[in-house]
>>> print(open('work_21.tsv').read())   # TSV, C-alpha atoms and all ligand atoms
chain	number	residue	atom	x	y	z
I	285	MET	CA	2.06	17.68	25.16
I	286	ILE	CA	-0.75	15.42	24.18
I	287	LYS	CA	-4.19	16.17	25.45
I	288	GLU	CA	-6.37	13.77	27.41
I	289	TYR	CA	-9.86	13.62	25.92
I	290	THR	CA	-12.94	13.20	28.06
I	291	LYS	CA	-15.78	11.04	26.83
I	292	GLU	CA	-17.92	14.15	26.26
I	293	GLU	CA	-15.23	15.75	24.12
I	294	ILE	CA	-14.83	12.56	22.08
I	295	ILE	CA	-18.57	12.32	21.42
I	296	CYS	CA	-18.65	15.97	20.44
I	297	LEU	CA	-15.82	15.56	17.91
I	298	LEU	CA	-17.27	12.32	16.50
I	299	SER	CA	-20.64	13.95	15.91
I	300	ASP	CA	-19.27	17.11	14.35
I	301	GLU	CA	-19.68	16.37	10.65
I	302	LYS	CA	-19.00	19.88	9.50
I	303	ASN	CA	-15.64	20.07	11.20
I	304	GLU	CA	-14.50	16.67	9.90
I	305	THR	CA	-11.92	18.24	7.62
I	306	SER	CA	-10.23	20.07	10.46
I	307	LEU	CA	-10.32	16.98	12.71
I	308	LEU	CA	-8.62	14.89	10.01
I	309	LYS	CA	-6.11	17.66	9.42
I	310	GLN	CA	-5.25	17.79	13.08
I	311	ALA	CA	-4.83	13.99	13.17
I	312	ASP	CA	-2.61	14.23	10.09
I	313	ALA	CA	-0.37	16.75	11.86
I	314	VAL	CA	-0.14	14.55	14.97
I	315	ARG	CA	0.67	11.56	12.78
I	316	HIS	CA	3.45	13.55	11.08
I	317	GLN	CA	4.87	14.70	14.40
I	318	TYR	CA	4.82	11.33	16.20
I	319	VAL	CA	5.34	8.65	13.54
I	320	GLY	CA	6.64	10.61	10.57
I	321	ASP	CA	5.86	10.34	6.89
I	322	GLU	CA	6.66	6.68	6.34
I	323	VAL	CA	3.76	4.41	5.46
I	324	HIS	CA	4.39	0.84	6.57
I	325	LEU	CA	3.13	-1.92	4.31
I	326	ARG	CA	1.99	-5.29	5.64
I	327	GLY	CA	1.42	-8.15	3.23
I	328	LEU	CA	-1.91	-9.71	4.20
I	329	ILE	CA	-2.38	-13.44	3.54
I	330	GLU	CA	-5.95	-14.66	3.93
I	331	PHE	CA	-5.15	-18.33	4.31
I	332	SER	CA	-8.52	-19.78	5.37
I	333	ASN	CA	-12.13	-18.59	5.17
I	334	ILE	CA	-13.37	-21.45	7.36
I	335	CYS	CA	-14.76	-20.23	10.68
I	336	ARG	CA	-16.36	-21.89	13.67
I	337	ASN	CA	-18.07	-18.64	14.71
I	338	ASN	CA	-21.26	-17.06	13.54
I	339	CYS	CA	-20.80	-13.30	13.84
I	340	GLN	CA	-23.93	-11.75	12.34
I	341	TYR	CA	-22.03	-9.04	10.51
I	342	CYS	CA	-19.41	-11.22	8.87
I	343	GLY	CA	-19.62	-12.83	5.45
I	344	LEU	CA	-17.50	-15.74	6.68
I	345	GLN	CA	-20.00	-16.65	9.43
I	346	ARG	CA	-20.55	-20.40	9.56
I	347	ASP	CA	-24.24	-20.11	8.57
I	348	ASN	CA	-23.24	-18.65	5.21
I	349	LYS	CA	-23.65	-21.94	3.38
I	350	ILE	CA	-23.39	-20.38	-0.08
I	351	LEU	CA	-19.78	-19.34	0.33
I	352	PRO	CA	-17.29	-21.93	-1.01
I	353	ARG	CA	-14.82	-22.62	1.77
I	354	TYR	CA	-11.07	-23.08	1.43
I	355	HIS	CA	-7.97	-23.34	3.40
I	356	MET	CA	-4.51	-23.21	1.96
I	357	GLU	CA	-2.36	-26.22	2.64
I	358	GLU	CA	0.82	-25.60	4.56
I	359	ASP	CA	3.10	-25.57	1.51
I	360	GLU	CA	0.75	-23.23	-0.33
I	361	LEU	CA	0.72	-20.81	2.56
I	362	LEU	CA	4.50	-20.91	2.80
I	363	GLN	CA	4.81	-20.30	-0.92
I	364	THR	CA	2.45	-17.31	-0.69
I	365	ALA	CA	4.51	-15.96	2.21
I	366	GLN	CA	7.72	-16.47	0.25
I	367	ASN	CA	6.31	-14.57	-2.71
I	368	ALA	CA	5.36	-11.68	-0.41
I	369	VAL	CA	8.85	-11.65	1.11
I	370	ASN	CA	10.33	-11.61	-2.38
I	371	MET	CA	8.18	-8.58	-3.21
I	372	GLY	CA	9.88	-6.74	-0.34
I	373	PHE	CA	7.27	-6.84	2.42
I	374	LYS	CA	8.89	-6.43	5.86
I	375	THR	CA	5.78	-7.55	7.73
I	376	LEU	CA	3.45	-10.38	6.85
I	377	VAL	CA	0.02	-10.83	8.39
I	378	LEU	CA	-1.51	-14.31	8.46
I	379	GLN	CA	-5.26	-13.96	8.75
I	380	SER	CA	-8.06	-16.53	8.78
I	381	GLY	CA	-11.39	-17.46	10.26
I	382	GLU	CA	-11.23	-19.57	13.40
I	383	ASP	CA	-10.22	-22.70	11.53
I	384	MET	CA	-9.07	-25.47	13.86
I	385	TYR	CA	-7.36	-27.35	11.03
I	386	TYR	CA	-4.57	-24.98	11.94
I	387	THR	CA	-3.60	-26.68	15.16
I	388	GLN	CA	-0.96	-25.35	17.50
I	389	ALA	CA	1.70	-27.65	16.01
I	390	ARG	CA	0.82	-26.77	12.42
I	391	MET	CA	0.82	-23.01	13.14
I	392	CYS	CA	4.14	-23.26	14.95
I	393	ARG	CA	5.75	-25.07	12.00
I	394	ILE	CA	4.52	-22.35	9.65
I	395	ILE	CA	5.68	-19.53	11.93
I	396	GLU	CA	9.16	-21.05	12.25
I	397	GLN	CA	9.49	-21.43	8.49
I	398	ILE	CA	8.36	-17.89	7.73
I	399	LYS	CA	10.57	-16.41	10.45
I	400	LYS	CA	13.65	-17.78	8.67
I	401	ASN	CA	13.15	-14.72	6.48
I	402	ASP	CA	13.90	-11.18	7.50
I	403	VAL	CA	10.28	-10.25	8.32
I	404	ALA	CA	8.06	-9.36	11.23
I	405	LEU	CA	5.10	-11.71	11.54
I	406	THR	CA	1.59	-10.85	12.67
I	407	LEU	CA	-1.11	-13.44	13.38
I	408	SER	CA	-4.80	-12.66	13.05
I	409	ILE	CA	-6.52	-15.99	13.65
I	410	GLY	CA	-8.95	-15.17	16.42
I	411	GLU	CA	-9.49	-16.59	19.86
I	412	ARG	CA	-7.21	-19.41	21.02
I	413	ASP	CA	-6.17	-20.52	24.47
I	414	TYR	CA	-3.18	-19.26	26.40
I	415	THR	CA	-0.98	-22.22	25.53
I	416	ASP	CA	-1.53	-21.64	21.80
I	417	TYR	CA	-0.78	-17.93	22.05
I	418	LYS	CA	2.32	-18.69	24.08
I	419	ALA	CA	3.52	-21.38	21.66
I	420	PHE	CA	3.01	-19.12	18.63
I	421	TYR	CA	4.99	-16.39	20.34
I	422	GLU	CA	7.81	-18.78	21.20
I	423	ALA	CA	7.80	-20.05	17.61
I	424	GLY	CA	8.56	-16.47	16.55
I	425	ALA	CA	5.32	-14.58	15.95
I	426	ASP	CA	5.86	-10.90	16.81
I	427	ARG	CA	2.42	-9.34	16.73
I	428	TYR	CA	-1.20	-10.36	17.11
I	429	LEU	CA	-4.25	-8.68	15.68
I	430	ILE	CA	-7.67	-9.24	17.20
I	431	ARG	CA	-10.31	-6.57	17.11
I	432	ILE	CA	-12.53	-6.12	20.12
I	433	GLU	CA	-15.15	-5.09	17.51
I	434	THR	CA	-17.23	-3.15	20.09
I	435	THR	CA	-16.99	-2.62	23.84
I	436	ASP	CA	-20.76	-2.53	24.17
I	437	GLN	CA	-21.19	-5.99	25.68
I	438	ASN	CA	-24.92	-6.17	24.93
I	439	LEU	CA	-24.30	-5.31	21.32
I	440	TYR	CA	-21.40	-7.77	21.14
I	441	HIS	CA	-23.59	-10.59	22.42
I	442	GLN	CA	-26.43	-9.59	20.08
I	443	LEU	CA	-24.02	-9.75	17.16
I	444	ASP	CA	-22.93	-13.23	18.13
I	445	PRO	CA	-24.86	-14.97	20.88
I	446	GLY	CA	-22.32	-17.80	20.84
I	447	MET	CA	-19.41	-15.54	21.68
I	448	ASN	CA	-18.40	-13.91	24.90
I	449	TRP	CA	-17.07	-10.38	25.24
I	450	GLN	CA	-15.21	-11.04	28.46
I	451	ARG	CA	-13.34	-13.94	26.89
I	452	ARG	CA	-12.29	-11.80	23.97
I	453	HIS	CA	-11.13	-9.07	26.32
I	454	GLU	CA	-9.10	-11.68	28.17
I	455	CYS	CA	-7.50	-12.78	24.89
I	456	LEU	CA	-6.25	-9.23	24.41
I	457	LEU	CA	-4.83	-9.12	27.92
I	458	MET	CA	-3.11	-12.50	27.51
I	459	LEU	CA	-1.53	-11.50	24.23
I	460	LYS	CA	-0.18	-8.33	25.78
I	461	GLU	CA	1.12	-10.20	28.80
I	462	ILE	CA	2.89	-12.79	26.63
I	463	GLY	CA	4.75	-9.98	24.91
I	464	TYR	CA	3.13	-9.59	21.51
I	465	GLU	CA	2.75	-6.20	19.94
I	466	LEU	CA	-1.00	-5.96	20.19
I	467	GLY	CA	-3.30	-4.83	17.44
I	468	SER	CA	-6.99	-4.39	17.99
I	469	GLY	CA	-9.78	-2.21	16.72
I	470	ILE	CA	-13.47	-1.85	16.05
I	471	MET	CA	-16.15	-1.58	13.44
I	472	VAL	CA	-18.03	1.68	13.16
I	473	GLY	CA	-21.67	2.06	12.17
I	474	LEU	CA	-22.97	-1.26	13.49
I	475	PRO	CA	-26.73	-1.45	14.03
I	476	ASN	CA	-27.61	-0.11	17.52
I	477	GLN	CA	-24.10	1.26	18.03
I	478	THR	CA	-24.13	4.77	19.45
I	479	LEU	CA	-21.52	7.54	19.45
I	480	ASP	CA	-21.42	7.09	23.20
I	481	SER	CA	-20.39	3.49	22.67
I	482	ILE	CA	-17.77	4.38	20.03
I	483	ALA	CA	-16.29	6.88	22.51
I	484	ASP	CA	-16.10	4.03	25.06
I	485	ASP	CA	-14.35	1.89	22.44
I	486	LEU	CA	-11.70	4.55	21.88
I	487	LEU	CA	-11.15	4.96	25.61
I	488	TYR	CA	-10.87	1.17	25.95
I	489	LEU	CA	-8.22	0.92	23.22
I	490	GLN	CA	-6.35	3.74	24.92
I	491	LYS	CA	-6.61	2.09	28.32
I	492	ILE	CA	-5.31	-1.31	27.25
I	493	GLU	CA	-2.51	0.44	25.35
I	494	VAL	CA	-2.83	-1.16	21.96
I	495	ASP	CA	0.15	-0.86	19.64
I	496	MET	CA	-2.08	-0.78	16.60
I	497	ALA	CA	-5.75	0.07	16.10
I	498	GLY	CA	-7.71	-0.73	12.96
I	499	ILE	CA	-10.99	1.08	12.50
I	500	GLY	CA	-13.32	0.20	9.66
I	501	PRO	CA	-16.87	1.00	8.61
I	502	PHE	CA	-19.37	-1.85	8.96
I	503	ILE	CA	-20.54	-2.93	5.50
I	504	PRO	CA	-23.69	-5.11	5.43
I	505	HIS	CA	-23.17	-8.45	3.72
I	506	PRO	CA	-26.09	-9.84	1.65
I	507	GLN	CA	-25.59	-13.40	2.92
I	508	THR	CA	-25.92	-12.44	6.59
I	509	PRO	CA	-28.84	-11.57	8.89
I	510	LEU	CA	-27.66	-7.94	8.86
I	511	LYS	CA	-28.09	-7.62	5.10
I	512	ASN	CA	-30.71	-4.89	5.43
I	513	ALA	CA	-29.02	-3.00	8.24
I	514	ASN	CA	-27.58	0.46	7.82
I	515	GLY	CA	-23.83	0.80	7.69
I	516	ASN	CA	-21.38	2.05	5.10
I	517	ASN	CA	-20.58	5.09	7.21
I	518	LEU	CA	-17.16	5.95	5.85
I	519	HIS	CA	-17.11	9.43	7.31
I	520	LEU	CA	-17.89	8.36	10.84
I	521	ALA	CA	-15.16	5.72	10.52
I	522	LEU	CA	-12.70	8.38	9.36
I	523	ARG	CA	-13.57	10.66	12.27
I	524	THR	CA	-13.22	7.75	14.69
I	525	MET	CA	-9.83	6.87	13.24
I	526	ALA	CA	-8.69	10.50	13.46
I	527	MET	CA	-9.78	10.61	17.13
I	528	MET	CA	-7.77	7.45	17.77
I	529	ARG	CA	-4.68	9.19	16.40
I	530	LEU	CA	-5.25	12.16	18.70
I	531	MET	CA	-5.69	9.88	21.70
I	532	LEU	CA	-2.81	7.49	20.92
I	533	PRO	CA	-0.43	9.64	18.89
I	534	ASP	CA	2.42	7.16	18.38
I	535	ILE	CA	0.63	3.90	17.55
I	536	ASN	CA	0.22	2.28	14.15
I	537	ILE	CA	-3.08	2.99	12.45
I	538	PRO	CA	-4.00	1.31	9.18
I	539	ALA	CA	-5.97	2.82	6.35
I	540	THR	CA	-8.42	-0.06	6.20
I	541	THR	CA	-9.59	-2.04	3.20
I	542	ALA	CA	-13.19	-1.50	4.31
I	543	MET	CA	-12.66	2.26	3.84
I	544	GLU	CA	-11.27	1.66	0.36
I	545	SER	CA	-14.24	-0.56	-0.40
I	546	LEU	CA	-16.65	2.34	0.17
I	547	HIS	CA	-14.67	4.95	-1.75
I	548	PRO	CA	-11.93	4.67	-4.40
I	549	ARG	CA	-9.83	7.11	-2.37
I	550	GLY	CA	-10.78	5.68	1.01
I	551	ARG	CA	-7.28	4.68	2.04
I	552	ILE	CA	-5.80	7.95	0.81
I	553	MET	CA	-8.37	9.89	2.83
I	554	ALA	CA	-7.35	7.78	5.82
I	555	LEU	CA	-3.62	8.27	5.23
I	556	GLN	CA	-4.27	12.00	5.18
I	557	GLY	CA	-6.35	11.83	8.34
I	558	GLY	CA	-4.12	10.01	10.80
I	559	ALA	CA	-3.27	6.60	9.31
I	560	ASN	CA	0.31	5.41	8.70
I	561	VAL	CA	-0.10	1.75	7.66
I	562	VAL	CA	-1.59	-0.08	4.67
I	563	MET	CA	-2.14	-3.82	4.45
I	564	PRO	CA	-2.12	-4.80	0.78
I	565	ASN	CA	-3.68	-8.17	0.08
I	566	VAL	CA	-1.07	-10.68	-1.09
I	567	THR	CA	-3.45	-13.64	-1.23
I	568	GLU	CA	-3.29	-15.27	-4.64
I	569	GLY	CA	-5.81	-16.53	-7.17
I	570	GLU	CA	-9.47	-17.13	-6.48
I	571	TYR	CA	-8.99	-17.18	-2.70
I	572	ARG	CA	-9.10	-13.40	-2.80
I	573	ARG	CA	-12.77	-13.37	-3.81
I	574	LEU	CA	-13.67	-16.07	-1.34
I	575	TYR	CA	-12.41	-14.15	1.67
I	576	GLU	CA	-15.53	-12.04	1.50
I	577	LEU	CA	-15.95	-10.40	4.90
I	578	TYR	CA	-18.21	-7.83	3.25
I	579	PRO	CA	-19.38	-7.16	-0.33
I	580	ASN	CA	-17.46	-5.17	-2.93
I	581	LYS	CA	-14.20	-5.67	-1.08
I	582	ALA	CA	-11.47	-3.63	-2.72
I	583	CYS	CA	-8.84	-5.37	-4.85
I	584	VAL	CA	-10.41	-8.85	-5.03
I	585	ASP	CA	-9.83	-8.95	-8.79
I	586	ASP	CA	-6.25	-7.73	-8.61
I	587	THR	CA	-2.96	-9.55	-8.15
I	588	PRO	CA	-0.50	-9.06	-5.28
I	589	LEU	CA	1.97	-7.36	-7.60
I	590	HIS	CA	-0.69	-5.05	-9.02
I	591	CYS	CA	-1.73	-3.97	-5.51
I	592	ARG	CA	1.83	-3.48	-4.33
I	593	THR	CA	2.56	-1.26	-7.32
I	594	CYS	CA	-0.76	0.58	-7.13
I	595	ILE	CA	-0.52	1.42	-3.44
I	596	GLY	CA	3.15	2.36	-3.78
I	597	MET	CA	2.25	4.92	-6.43
I	598	LYS	CA	-0.65	6.30	-4.43
I	599	ILE	CA	1.52	6.73	-1.35
I	600	THR	CA	4.31	8.54	-3.17
I	601	ALA	CA	1.76	10.69	-5.02
I	602	ILE	CA	0.68	12.23	-1.70
I	603	GLY	CA	4.27	12.98	-0.70
I	604	ARG	CA	4.75	10.08	1.69
I	605	THR	CA	7.39	7.34	1.61
I	606	ILE	CA	7.22	3.56	1.96
I	607	GLY	CA	8.60	2.35	5.30
I	608	GLN	CA	11.82	0.41	4.89
I	609	GLY	CA	11.93	-1.21	8.34
I	610	TYR	CA	9.61	-3.51	10.23
I	611	GLY	CA	7.46	-0.57	11.24
I	612	GLY	CA	6.72	-1.77	14.75
I	613	HIS	CA	5.28	0.49	17.44
I	614	LYS	CA	7.99	2.82	18.72
I	615	LYS	CA	7.02	4.12	22.12
G	701	LIG	N1	-18.04	-4.98	7.47
G	701	LIG	C1	-16.87	-4.42	7.87
G	701	LIG	N2	-15.92	-5.09	8.54
G	701	LIG	C2	-16.13	-6.38	8.80
G	701	LIG	N3	-15.38	-7.28	9.45
G	701	LIG	C3	-16.04	-8.46	9.46
G	701	LIG	N4	-17.22	-8.33	8.83
G	701	LIG	C4	-17.31	-7.04	8.41
G	701	LIG	C5	-18.29	-6.28	7.71
G	701	LIG	N5	-19.45	-6.82	7.30
G	701	LIG	C6	-14.11	-6.96	10.11
G	701	LIG	C7	-14.12	-7.34	11.58
G	701	LIG	C8	-13.00	-8.35	11.69
G	701	LIG	C9	-12.14	-8.01	10.51
G	701	LIG	C10	-11.23	-9.10	10.04
G	701	LIG	O1	-13.07	-7.69	9.52
G	701	LIG	O2	-13.82	-6.18	12.37
G	701	LIG	O3	-12.29	-8.28	12.90
G	702	LIG	FE1	-5.14	-3.17	-4.88
G	702	LIG	FE2	-4.80	-0.53	-5.76
G	702	LIG	S1	-4.13	-1.49	-3.96
G	702	LIG	S2	-5.64	-2.28	-6.80
>>> encode(input="work_21.tsv", output="structure tokens")
Amino acid sequence: MIKEYTKEEIICLLSDEKNETSLLKQADAVRHQYVGDEVHLRGLIEFSNICRNNCQYCGLQRDNKILPRYHMEEDELLQTAQNAVNMGFKTLVLQSGEDMYYTQARMCRIIEQIKKNDVALTLSIGERDYTDYKAFYEAGADRYLIRIETTDQNLYHQLDPGMNWQRRHECLLMLKEIGYELGSGIMVGLPNQTLDSIADDLLYLQKIEVDMAGIGPFIPHPQTPLKNANGNNLHLALRTMAMMRLMLPDINIPATTAMESLHPRGRIMALQGGANVVMPNVTEGEYRRLYELYPNKACVDDTPLHCRTCIGMKITAIGRTIGQGYGGHKK
């Protein structure tokens, strides 16, 4: 039987640096028991770095005027998706800033084309209205990924005064109601974020019953107002991720790119501490560098094929296998 954790217990485990190894070990055992040894790969396509929002932590924030902006054209995106399918990915993730060039009609056309292949499709394109979410789902999208980022509403509004926490929360509820498999998650180590607040985040993700939870360390970006903030707390992110596994034993949990960006073995540490998913970047050419959410992002100089091969070898080297199915949440 799985244990219910109280907020006090969560805070205690998150703060316990010296027992991190045993926490990660316990999460690894729960992962093995509930979701097995397969690691599911998702091919991540970063198709636009244009964003209407101004999140203070994010390198793609609209006030970052130095960053060259791009969006792939429809045919380019479809070609990238086709290449990823040909490489054997069973899930593709389409991710972008909130770029309204991708209208409902345009997104639906893309979804329908991609879904002619034998793949699960995840969208990660931010906040849209109900009719868009519904239309994307009806066009064939299977999953939606939108992090809540933090459940501390004051902090959320500090980080982007133009955004609204309640609205984001409602996006998550709508997506769930429509029938998507729901992915969410948080950043760890944000300025003014407390362990108390991270414990609330974990309880929130548990309460709304996410199917997937991505947890990454906040990494300050030099072209943002938070450039001098603290962050880079890989170990707290790993403990938070391990706690998530203990609290939601059968969900999908990715070893995040942000973890890899702070440590060359970041994703392996995550896979051995509760994670069961990796999202290799299959974006091609110079777009990879331009999708700079945070500095020193892992793999920006590599090719899709290099990453697929590299991660495949790392996964088998730790005695795990590559998932052969769609790797959806099995309840
Ligand atoms: N450091 C770490 N993660 C970041 N993200 C955005 N900016 C940063 C940063 N500076 C994360 C957010 C977002 C996801 C796509 O990337 O959690 O949801
Ligand atoms: Fe990209 Fe290893 S996964 S280089």
>>> atom_distance(input="work_21.tsv", atom1="atom CA of Ala521 of chain I", atom2="atom CA of Met543 of chain I")
7.9 Å
>>> residues_near_ligand(input="work_21.tsv", ligand="ligand LIG 701 (chain G)", cutoff="8 Å", atoms="all atoms listed in the file", output="PDB file with C-alpha atoms, keeping the file's coordinate frame")
ATOM      1  CA  CYS I 339     -20.800 -13.300  13.840  1.00  0.00           C
ATOM      2  CA  TYR I 341     -22.030  -9.040  10.510  1.00  0.00           C
ATOM      3  CA  CYS I 342     -19.410 -11.220   8.870  1.00  0.00           C
ATOM      4  CA  GLY I 343     -19.620 -12.830   5.450  1.00  0.00           C
ATOM      5  CA  LEU I 344     -17.500 -15.740   6.680  1.00  0.00           C
ATOM      6  CA  GLN I 379      -5.260 -13.960   8.750  1.00  0.00           C
ATOM      7  CA  SER I 408      -4.800 -12.660  13.050  1.00  0.00           C
ATOM      8  CA  ILE I 430      -7.670  -9.240  17.200  1.00  0.00           C
ATOM      9  CA  ARG I 431     -10.310  -6.570  17.110  1.00  0.00           C
ATOM     10  CA  ILE I 432     -12.530  -6.120  20.120  1.00  0.00           C
ATOM     11  CA  GLU I 433     -15.150  -5.090  17.510  1.00  0.00           C
ATOM     12  CA  GLY I 469      -9.780  -2.210  16.720  1.00  0.00           C
ATOM     13  CA  ILE I 470     -13.470  -1.850  16.050  1.00  0.00           C
ATOM     14  CA  MET I 471     -16.150  -1.580  13.440  1.00  0.00           C
ATOM     15  CA  ILE I 499     -10.990   1.080  12.500  1.00  0.00           C
ATOM     16  CA  GLY I 500     -13.320   0.200   9.660  1.00  0.00           C
ATOM     17  CA  PRO I 501     -16.870   1.000   8.610  1.00  0.00           C
ATOM     18  CA  PHE I 502     -19.370  -1.850   8.960  1.00  0.00           C
ATOM     19  CA  ILE I 503     -20.540  -2.930   5.500  1.00  0.00           C
ATOM     20  CA  PRO I 504     -23.690  -5.110   5.430  1.00  0.00           C
ATOM     21  CA  HIS I 505     -23.170  -8.450   3.720  1.00  0.00           C
ATOM     22  CA  ALA I 542     -13.190  -1.500   4.310  1.00  0.00           C
ATOM     23  CA  LEU I 577     -15.950 -10.400   4.900  1.00  0.00           C
ATOM     24  CA  TYR I 578     -18.210  -7.830   3.250  1.00  0.00           C
ATOM     25  CA  PRO I 579     -19.380  -7.160  -0.330  1.00  0.00           C
TER      26      PRO I 579
END
>>> atom_distance(input="work_21.tsv", atom1="atom CA of Leu530 of chain I", atom2="atom CA of Val314 of chain I")
6.8 Å
>>> atom_distance(input="work_21.tsv", atom1="atom CA of His324 of chain I", atom2="atom CA of Pro538 of chain I")
8.8 Å
>>> residues_around(input="work_21.tsv", residues="segment 454-458 of chain I", least_positions_apart="6", cutoff="9 Å", atoms="all atoms listed in the file", output="list in words")
Gly410, Glu411, Arg412, Asp413, Tyr414, Tyr417, Lys418, Tyr428, Leu429, Ile430, Arg431, Ile432, Leu466, Gly467, Ser468 and Ile492 of chain I
>>> closest_residue(input="work_21.tsv", among="I:Ile350, I:Met496, I:Ala526, I:Leu443", to="Glu304 of chain I", atoms="only C-alpha atoms")
I:Ala526
>>> closest_residue(input="work_21.tsv", among="I:Ile462, I:Val403, I:Val472, I:Leu510", to="Arg523 of chain I", atoms="only C-alpha atoms")
I:Val472
>>> residues_near_point(input="work_21.tsv", point="(9.0, -6.4, 5.6)", cutoff="7 Å", atoms="all atoms listed in the file", output="list of chain:residue names")
I:Val369, I:Gly372, I:Phe373, I:Lys374, I:Thr375, I:Leu376, I:Val403, I:Ala404, I:Gly609, I:Tyr610
>>> write_last_selection(input="work_21.tsv", atoms="C-alpha atoms", output="mmCIF file, in the coordinates of the input")
data_model
loop_
_atom_site.group_PDB
_atom_site.id
_atom_site.type_symbol
_atom_site.label_atom_id
_atom_site.label_comp_id
_atom_site.auth_asym_id
_atom_site.auth_seq_id
_atom_site.Cartn_x
_atom_site.Cartn_y
_atom_site.Cartn_z
ATOM 1 C CA VAL I 369 8.850 -11.650 1.110
ATOM 2 C CA GLY I 372 9.880 -6.740 -0.340
ATOM 3 C CA PHE I 373 7.270 -6.840 2.420
ATOM 4 C CA LYS I 374 8.890 -6.430 5.860
ATOM 5 C CA THR I 375 5.780 -7.550 7.730
ATOM 6 C CA LEU I 376 3.450 -10.380 6.850
ATOM 7 C CA VAL I 403 10.280 -10.250 8.320
ATOM 8 C CA ALA I 404 8.060 -9.360 11.230
ATOM 9 C CA GLY I 609 11.930 -1.210 8.340
ATOM 10 C CA TYR I 610 9.610 -3.510 10.230
#
>>> residues_near_ligand(input="work_21.tsv", ligand="ligand LIG 702 (chain G)", cutoff="6 Å", atoms="all atoms listed in the file", output="PDB file with C-alpha atoms, in the frame of the given file")
ATOM      1  CA  CYS I 583      -8.840  -5.370  -4.850  1.00  0.00           C
ATOM      2  CA  ASP I 586      -6.250  -7.730  -8.610  1.00  0.00           C
ATOM      3  CA  CYS I 591      -1.730  -3.970  -5.510  1.00  0.00           C
ATOM      4  CA  CYS I 594      -0.760   0.580  -7.130  1.00  0.00           C
ATOM      5  CA  ILE I 595      -0.520   1.420  -3.440  1.00  0.00           C
TER       6      ILE I 595
END
